[in-house]
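*Asks:* Here it is, the structure, as structure tokens.
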Amino acid sequence: MSAATAPTTSARTAPRTTPRPDAAPRFTWRSVPPVAFLTISAVYFLLPLWWLVVSSTKSNSSLQNSNGFWFDAPQILENLQRTFTYDGGMFPRWVLNSILYSGGAALLGTLLAVSAGYVLGKFHFRGKGLVFGGILAGVLVPNALLTIPLYFLASAVGLVNSPWAVIVPTCVSPFGVYLARIYAEQSIPDELLEAARVDGAGELRTFFTIALKVLAPATVTIFLFVFVSSWNNFLLPLMMLNSEELKPVTLGLYGWQTYRGAASYDIVLTGALVAIVPMAVLFFTLQRHLRTGLAAGSVKG
């Protein structure tokens with residue numbers, strides 16, 4: 001009996017050879033290059049943001065006479081008050097304009113891109129390859145090359161110096177259509193659509209009640225992409241808008257720096273810092289959906 005139980009006892013008392021899930025990773029020299037590269041990349045991308053945060057707390061004299069990467073007599077509250085009240089309080093109006101333009105373009109652009117991507121991904125029709133090839137060609141065309149043709153087109157239909165002159169061109173996202181098509185092909189089973197049609201649902205109802213729910217991660221990604229692209233847009237508003245009250249925040253801050261000179265450096269930097277806040281809030285709010293989309297896309301076949 002004891003001989004029979006000996007192997008069992010030794011197997012039970014054998015030392016664990018596989019590391020525990022919560023065990024700390026062991027140091028290896030192979031991990032040094034990637035860690036060093038990621039550290040340098042993080043410093044490279046975060047250093048301008050740190051400089052902006054530090055500079056937005058300084059006066060004009062401190063900007064020229066102090067270390068650019070460290071604080072010197074911070075006066076962030078004074079800079080904020082001056083920024084929001086300067087030039088008759090135009091800065092809050094510019095921020096609201098940017099939110100309106102970017103939000104409107106993102107909502108319309110996301111709906112158009114997801115709809116077009118869904119059709120290209122789940123339907124078969126003549127000329128489908130040609131249409132998709134034209135969309136891919138649109139991805140390769142720089143937006144700056146389209147600004148002057150868009151201006152003449154907007155002038156012909158009477159949209160110049162109106163919010164629609166900025167919203168309508170920026171809501172078209174060829175890359176969003178491409179992303180939506182790829183995700184629709186991989187994540188929406190044909191059997192699900194056939195079941196909805198058998199139950200009597202029309203194509204519009206199937207799209208809005210079933211497809212949009214499945215495409216939610218891709219929808220969030222496209223929304224963020226269009227929003228950020230519209231928020232950072234500069235050349236198109238410069239060509240389309242003449243009224244000071246209609247300018248977005250990027251164009252307004254450029255005007256302060258150009259026409260007011262060194263006297264406006266402190267408020268321009270403070271305004272640039274404030275202009276980052278809406279995008280940061282939007283990104284961190286939708287971050288959970290982005291992680292869900294990445295995890296879902298990694299297991300789709």
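Starting from 1 in every chain, residues are counted up; chains themselves are A, B, ... following the order of the structure tokens, and ligands are numbered from 1 as listed.
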Excluding Ala196 (chain A) and any residue of its chain fewer than 6 positions from it, enumerate the residues within 9 Å of it, using only C-alpha atoms, and give them as a PyMOL selection string.

*Replies:* chain A and resi 202-203+206+210

*Asks:* How would the residues just chosen look if you wrote them out with N, CA and C atoms as a PDB file, in the first residue's frame?

*Replies:*
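Result file part_27.pdb:
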```
ATOM      1  N   GLY A 202     -37.265  45.093 -42.015  1.00  0.00           N
ATOM      2  CA  GLY A 202     -36.734  45.702 -43.223  1.00  0.00           C
ATOM      3  C   GLY A 202     -35.251  45.999 -43.077  1.00  0.00           C
ATOM      4  N   GLU A 203     -34.655  46.458 -44.172  1.00  0.00           N
ATOM      5  CA  GLU A 203     -33.216  46.713 -44.153  1.00  0.00           C
ATOM      6  C   GLU A 203     -32.848  47.865 -43.214  1.00  0.00           C
ATOM      7  N   THR A 206     -33.216  46.609 -39.658  1.00  0.00           N
ATOM      8  CA  THR A 206     -32.120  45.682 -39.353  1.00  0.00           C
ATOM      9  C   THR A 206     -30.834  46.451 -39.077  1.00  0.00           C
ATOM     10  N   ILE A 210     -29.933  46.235 -35.169  1.00  0.00           N
ATOM     11  CA  ILE A 210     -29.018  45.094 -35.003  1.00  0.00           C
ATOM     12  C   ILE A 210     -27.590  45.474 -35.388  1.00  0.00           C
TER      13      ILE A 210
END
```

*Asks:* Could you name the residues that touch region 37-49 of chain A at 10 Å or less, counting only C-alpha atoms, but leaving out those on the same chain fewer than 6 positions away, as a ChimeraX atom specification?

*Replies:* /A:55,69,273,276

*Asks:* Could you name the residues that touch Leu215 (chain A) at 9 Å or less, counting only C-alpha atoms, but leaving out those on the same chain fewer than 2 positions away, as a ChimeraX atom specification?

*Replies:* /A:114,118,180,183-184,187-188,210-213,217-220,293

*Asks:* Can you pull out the residues contacting Leu107 (chain A)? Cut-off 8 Å, using only C-alpha atoms, and skip same-chain residues under 4 positions away; I want them as a PyMOL selection string.

*Replies:* chain A and resi 103+111+171+223

*Asks:* Would you pick out the contacts of region 77-94 of chain A at 10 Å or less, using only C-alpha atoms, so that residues sharing its chain but fewer than 6 positions from it are not included, and give the list as a list of chain:residue names?

*Replies:* A:Ser56, A:Thr57, A:Lys58, A:Ser59, A:Leu100, A:Glu244, A:Glu245, A:Leu246, A:Lys247, A:Pro248, A:Val249, A:Thr250, A:Leu251, A:Gly252, A:Leu253, A:Trp256, A:Ser264, A:Asp266, A:Ile267, A:Val268, A:Leu269, A:Thr270, A:Gly271, A:Val274, A:Ala275

*Asks:* Pick out the residues sitting within 12 Å of Ser162 (chain A), and hand them over as an MDAnalysis selection string; count only C-alpha atoms, and ignore anything fewer than 3 positions along from it in its own chain.

*Replies:* chainID A and resid 97 101 151 154:155 157:159 165:168 237 239:248

*Asks:* Please indicate the distance in Å from CA of Pro74 (chain A) to CA of Gly255 (chain A), rounded to one decimal place.

*Replies:*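 Going from CA of Pro74 (chain A) over to CA of Gly255 (chain A) covers 25.4 Å.
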
*Asks:* Using only C-alpha atoms, which of the listed residues (A:Leu192, A:Ala144, A:Leu204, A:Ile222) sits closest to Gly176 (chain A)?

*Replies:*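 That would be A:Ile222, the residue with the smallest distance to Gly176 (chain A).
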
*Asks:* Write down as a ChimeraX atom specification the residues belonging to region 59-149 of chain A that are assigned alpha helix (DSSP H) by DSSP computed on the backbone.

*Replies:* /A:60-65,76-85,90-122,128-140,143-149
